[in-house]
Amino acid sequence: MDYIRQIRKKVGKDKIFLNFTSGILSSSGKILLQKRSDKGTWGLPGGAIELGESAVEALIREFYEETGIKVRPVKLQNVYTKYTDSYPNGDEAQVITILYLVQAETDVFNNNFSSDETLELAFFDYDEIQNITIVNQQHKDMIKDFFENNSPIER
C-alpha cells in the first residue's frame with residue numbers, strides 16, 4: 001500500500017507530484033503541531049494519500065498515526081499546490097496538500113505520544129510559532145493563512 005515507495009522504485013529521486021492531506025486542530029487560539037522525526041522540525045499532522053483512498057480517509061488515517069487522536073474533518077480550508085520539497089534521502093517533489101480544519105473525536109490529548117514519524121506534539125499560538133522551525137514554506141503558509149483567516153486561491 002506504499003504508493004510513494006512503488007513510484008520511487010521507477011523514477012528514483014527525480015521530482016514527482018505527491019498528493020498529501022493535512023489537518024488543523026485548534027483549541028483556545030492554538031493549533032496542534034507535530035515535531036517530525038524526518039527533519040526534526042515542526043509541521044501540521046498529515047501525510048500522503050494512498051491509491052484508492054480519498055483525501056478525507058487519508059487525513060483521518062494519517063492524523064491518527066501521527067498524533068494518536070481520532071479526528072473528523074469539518075471544513076475544507078484550502079488546497080496548496082505550488083510548492084516543492086526535498087527529503088533527507090534526496091527525493092524531490094512538487095507537493096500538493098489538501099488542508100482541512102478538524103475536530104477531535106477523542107477528548108484525551110496525550111502529549112507523551114510518539115511514533116516513527118512523531119517526536120513530540122504541542123499546541124502553539126501564532127506568536128509562539130514564530131520561535132520554532134517549521135518544516136517548509138507550504139506549512140508556514142498554511143499556518144499563516146489559518147491565523148489570518150485567509151484562503152487565497154493561488155497557493
# chains A, B, ... in the order shown; residues from 1 in each chain; ligands from 1
call {"tool": "select_by_dssp", "arguments": {"residues": "segment 27-90 of chain A", "states": "strand (DSSP E)", "output": "MDAnalysis selection string"}}
result
chainID A and resid 27 30:36 42:43 46:48 71:80 84:86
call {"tool": "residues_around", "arguments": {"residues": "Gln137 of chain A", "least_positions_apart": "6", "cutoff": "9 Å", "atoms": "only C-alpha atoms", "output": "mmCIF file with N, CA, C and O atoms, in the first residue's frame"}}
result
data_model
loop_
_atom_site.group_PDB
_atom_site.id
_atom_site.type_symbol
_atom_site.label_atom_id
_atom_site.label_comp_id
_atom_site.auth_asym_id
_atom_site.auth_seq_id
_atom_site.Cartn_x
_atom_site.Cartn_y
_atom_site.Cartn_z
ATOM 1 N N TYR A 83 4.321 24.257 -4.489
ATOM 2 C CA TYR A 83 5.413 24.119 -3.526
ATOM 3 C C TYR A 83 6.270 22.918 -3.901
ATOM 4 O O TYR A 83 5.759 21.896 -4.345
ATOM 5 N N THR A 84 7.543 23.060 -3.678
ATOM 6 C CA THR A 84 8.442 21.920 -3.847
ATOM 7 C C THR A 84 9.074 21.616 -2.501
ATOM 8 O O THR A 84 9.169 22.470 -1.630
ATOM 9 N N ASP A 85 9.494 20.376 -2.350
ATOM 10 C CA ASP A 85 10.141 19.968 -1.120
ATOM 11 C C ASP A 85 11.194 18.922 -1.463
ATOM 12 O O ASP A 85 11.097 18.233 -2.482
#
call {"tool": "residues_around", "arguments": {"residues": "Asn78 of chain A", "least_positions_apart": "2", "cutoff": "7 Å", "atoms": "only C-alpha atoms", "output": "count of residues only"}}
result
5
call {"tool": "closest_residue", "arguments": {"among": "A:Gln6, A:Thr81, A:Thr41, A:Asn19", "to": "Met142 of chain A", "atoms": "only C-alpha atoms"}}
result
A:Thr81
call {"tool": "closest_atom_pairs", "arguments": {"of": "segment 81-104 of chain A", "to": "segment 44-64 of chain A", "cutoff": "12 Å", "atoms": "only C-alpha atoms", "output": "JSON lines"}}
result
{"residue": "A:Val95", "atom": "CA", "partner": "A:Ala48", "partner_atom": "CA", "distance": 9.7}
{"residue": "A:Ile96", "atom": "CA", "partner": "A:Ala48", "partner_atom": "CA", "distance": 9.7}
{"residue": "A:Thr97", "atom": "CA", "partner": "A:Gly47", "partner_atom": "CA", "distance": 8.7}
{"residue": "A:Ile98", "atom": "CA", "partner": "A:Ala55", "partner_atom": "CA", "distance": 7.2}
{"residue": "A:Leu99", "atom": "CA", "partner": "A:Gly46", "partner_atom": "CA", "distance": 8.9}
{"residue": "A:Tyr100", "atom": "CA", "partner": "A:Leu59", "partner_atom": "CA", "distance": 8.4}
{"residue": "A:Leu101", "atom": "CA", "partner": "A:Leu59", "partner_atom": "CA", "distance": 10.5}
{"residue": "A:Val102", "atom": "CA", "partner": "A:Ile60", "partner_atom": "CA", "distance": 9.3}
{"residue": "A:Gln103", "atom": "CA", "partner": "A:Ile60", "partner_atom": "CA", "distance": 10.7}
{"residue": "A:Ala104", "atom": "CA", "partner": "A:Phe63", "partner_atom": "CA", "distance": 10.2}
call {"tool": "closest_residue", "arguments": {"among": "A:Asp14, A:Glu92, A:Glu154, A:Glu105", "to": "Arg72 of chain A", "atoms": "only C-alpha atoms"}}
result
A:Glu105
call {"tool": "closest_residue", "arguments": {"among": "A:Asp38, A:Asp91, A:Asp145, A:Asp116", "to": "Val11 of chain A", "atoms": "only C-alpha atoms"}}
result
A:Asp91
call {"tool": "closest_residue", "arguments": {"among": "A:Asn150, A:Leu33, A:Glu120, A:Lys13", "to": "Pro88 of chain A", "atoms": "only C-alpha atoms"}}
result
A:Lys13
call {"tool": "atom_distance", "arguments": {"atom1": "atom CA of Gly23 of chain A", "atom2": "atom CA of Val74 of chain A"}}
result
10.0 Å
